[in-house]
Amino acid sequence: MALLPILTYPDPRLHTVAKPVAAVDARIRQLVADMLDTMYDANGIGLAATQVDVHERVIVIDVSEERNQPLVVINPEITWASEETQVNDEGCLSVPGIYDGVERPSRVKVAALDTDGKLRTIEAEGLLAVCIQHEMDHLRGKVFVEYLSPLKRNRIKTKMLKAQRDAERA
Ligand code: K1U
Ligand code: ZN
């Protein structure tokens, strides 16, 4: 089991745009295994490679209550999004302790490769739809706080920087 360090907002590396995975090979499968270990250890429901400072289009998700249904999403593309939208509270392992409402399409269809390099279509609604869109934002260098007002975002940035300074001093 390998745990990867998770970048914390406002680390500028979180704004890096990820490149497509060229081949789903042993290196990518090891990255996926380490990302799953890291996500489960942090009690997250998703993790994007960007958050562990790897800038390739890889996501892991598990929204099951039993935490035993990992979903691996490589080179994802949204092929359809509902006109209907919903506001849901979101959190982020890169912005610990902050939760706020974000409006997104209620349902999406996503084309992506799995760990065998096979093309799959994921039809997502509910928490899975929220999570997959949140993680795909990470791959294009966007953190959910960027949907919030500048006032809220600046308060969050100040709070995160203070927490990081305090942790360094302790
Ligand atoms: O950092 C991440 O991208 C993971 C993030 C995924 C996410 C959670 C909630 C809404 C959208 C995306 C988390 O796992 S945050 C921690 C968490 O487990 C959680 C927070 C709120 C609701 C459900 C779970
Ligand atoms: Zn996140």
# chains A, B, ... in the order shown; residues from 1 in each chain; ligands from 1

call {"tool": "residues_near_ligand", "arguments": {"ligand": "ligand 1", "cutoff": "10 Å", "atoms": "only C-alpha atoms and all ligand atoms", "output": "ChimeraX atom specification"}}
result
/A:6-8,39-40,42-51,59-63,88-102,127-138,143-144

call {"tool": "residues_around", "arguments": {"residues": "segment 104-110 of chain A", "least_positions_apart": "4", "cutoff": "7 Å", "atoms": "only C-alpha atoms", "output": "PyMOL selection string"}}
result
chain A and resi 76-87+121-126+129

call {"tool": "select_by_dssp", "arguments": {"residues": "segment 10-47 of chain A", "states": "alpha helix (DSSP H)", "output": "short mmCIF file (atom, residue, chain, number, x, y, z; two decimals) with N, CA, C and O atoms, in the first residue's frame"}}
result
data_model
loop_
_atom_site.label_atom_id
_atom_site.label_comp_id
_atom_site.auth_asym_id
_atom_site.auth_seq_id
_atom_site.Cartn_x
_atom_site.Cartn_y
_atom_site.Cartn_z
N ALA A 26 1.44 -0.67 -17.10
CA ALA A 26 1.71 -1.02 -15.70
C ALA A 26 1.93 0.23 -14.84
O ALA A 26 1.51 0.27 -13.68
N ARG A 27 2.54 1.27 -15.43
CA ARG A 27 2.77 2.51 -14.65
C ARG A 27 1.43 3.15 -14.26
O ARG A 27 1.24 3.57 -13.12
N ILE A 28 0.49 3.19 -15.21
CA ILE A 28 -0.82 3.79 -14.92
C ILE A 28 -1.58 2.91 -13.91
O ILE A 28 -2.22 3.42 -12.98
N ARG A 29 -1.49 1.58 -14.05
CA ARG A 29 -2.20 0.69 -13.11
C ARG A 29 -1.63 0.85 -11.70
O ARG A 29 -2.37 0.81 -10.72
N GLN A 30 -0.30 1.08 -11.57
CA GLN A 30 0.29 1.33 -10.25
C GLN A 30 -0.20 2.67 -9.69
O GLN A 30 -0.53 2.77 -8.50
N LEU A 31 -0.28 3.69 -10.57
CA LEU A 31 -0.80 5.00 -10.14
C LEU A 31 -2.23 4.84 -9.63
O LEU A 31 -2.59 5.38 -8.57
N VAL A 32 -3.06 4.09 -10.36
CA VAL A 32 -4.46 3.87 -9.97
C VAL A 32 -4.52 3.18 -8.60
O VAL A 32 -5.30 3.59 -7.71
N ALA A 33 -3.69 2.15 -8.39
CA ALA A 33 -3.68 1.43 -7.10
C ALA A 33 -3.30 2.38 -5.97
O ALA A 33 -3.94 2.39 -4.90
N ASP A 34 -2.28 3.21 -6.19
CA ASP A 34 -1.84 4.15 -5.15
C ASP A 34 -2.90 5.23 -4.90
O ASP A 34 -3.12 5.64 -3.75
N MET A 35 -3.58 5.67 -5.97
CA MET A 35 -4.63 6.68 -5.80
C MET A 35 -5.82 6.10 -5.02
O MET A 35 -6.42 6.79 -4.19
N LEU A 36 -6.16 4.84 -5.29
CA LEU A 36 -7.26 4.22 -4.53
C LEU A 36 -6.88 4.11 -3.06
O LEU A 36 -7.69 4.45 -2.17
N ASP A 37 -5.66 3.64 -2.76
CA ASP A 37 -5.20 3.57 -1.36
C ASP A 37 -5.32 4.94 -0.69
O ASP A 37 -5.80 5.07 0.44
N THR A 38 -4.87 5.98 -1.43
CA THR A 38 -4.85 7.35 -0.88
C THR A 38 -6.27 7.86 -0.64
O THR A 38 -6.57 8.45 0.41
N MET A 39 -7.18 7.61 -1.61
CA MET A 39 -8.57 8.05 -1.48
C MET A 39 -9.26 7.37 -0.29
O MET A 39 -9.91 8.03 0.54
N TYR A 40 -9.10 6.04 -0.18
CA TYR A 40 -9.76 5.32 0.93
C TYR A 40 -9.17 5.77 2.27
O TYR A 40 -9.90 5.98 3.24
N ASP A 41 -7.84 5.93 2.33
CA ASP A 41 -7.18 6.35 3.58
C ASP A 41 -7.68 7.72 4.04
O ASP A 41 -7.82 7.97 5.23
#

call {"tool": "closest_residue", "arguments": {"among": "A:Arg67, A:Gly141, A:Arg165, A:Val58", "to": "Pro12 of chain A", "atoms": "only C-alpha atoms"}}
result
A:Gly141

call {"tool": "closest_residue", "arguments": {"among": "A:Arg155, A:Glu56, A:Val72, A:Ala22", "to": "Ala111 of chain A", "atoms": "only C-alpha atoms"}}
result
A:Val72

call {"tool": "residues_around", "arguments": {"residues": "Asp114 of chain A", "least_positions_apart": "2", "cutoff": "6 Å", "atoms": "only C-alpha atoms", "output": "PyMOL selection string"}}
result
chain A and resi 72-73+116-118

call {"tool": "write_last_selection", "arguments": {"atoms": "C-alpha atoms", "output": "compact mmCIF listing (two decimals), in the first residue's frame"}}
result
# COMPACT_ATOMS: atom_id res chain seq x y z
CA VAL A 72 -11.44 3.98 -12.49
CA VAL A 73 -11.88 6.73 -15.06
CA ASP A 116 -7.84 -2.61 -19.20
CA GLY A 117 -7.81 0.31 -21.63
CA LYS A 118 -11.39 -0.54 -22.73

call {"tool": "select_by_dssp", "arguments": {"residues": "segment 63-123 of chain A", "states": "strand (DSSP E or B)", "output": "number ranges by chain"}}
result
A: 71-81, 85-90, 100-105, 107-113, 119-123

call {"tool": "closest_residue", "arguments": {"among": "A:Arg13, A:Lys142, A:His55, A:Lys19", "to": "ligand 2", "atoms": "only C-alpha atoms and all ligand atoms"}}
result
A:Lys142

call {"tool": "closest_residue", "arguments": {"among": "A:Ala170, A:Arg140, A:Pro20, A:Arg120", "to": "ligand 2", "atoms": "only C-alpha atoms and all ligand atoms"}}
result
A:Arg140

call {"tool": "closest_residue", "arguments": {"among": "A:Asp166, A:Leu119, A:Tyr9, A:Leu151", "to": "ligand 2", "atoms": "only C-alpha atoms and all ligand atoms"}}
result
A:Tyr9

call {"tool": "closest_residue", "arguments": {"among": "A:Pro5, A:Val21, A:Asn68, A:Val145", "to": "ligand 2", "atoms": "only C-alpha atoms and all ligand atoms"}}
result
A:Val145

call {"tool": "atom_distance", "arguments": {"atom1": "atom CA of Arg57 of chain A", "atom2": "atom CA of Ile74 of chain A"}}
result
5.8 Å
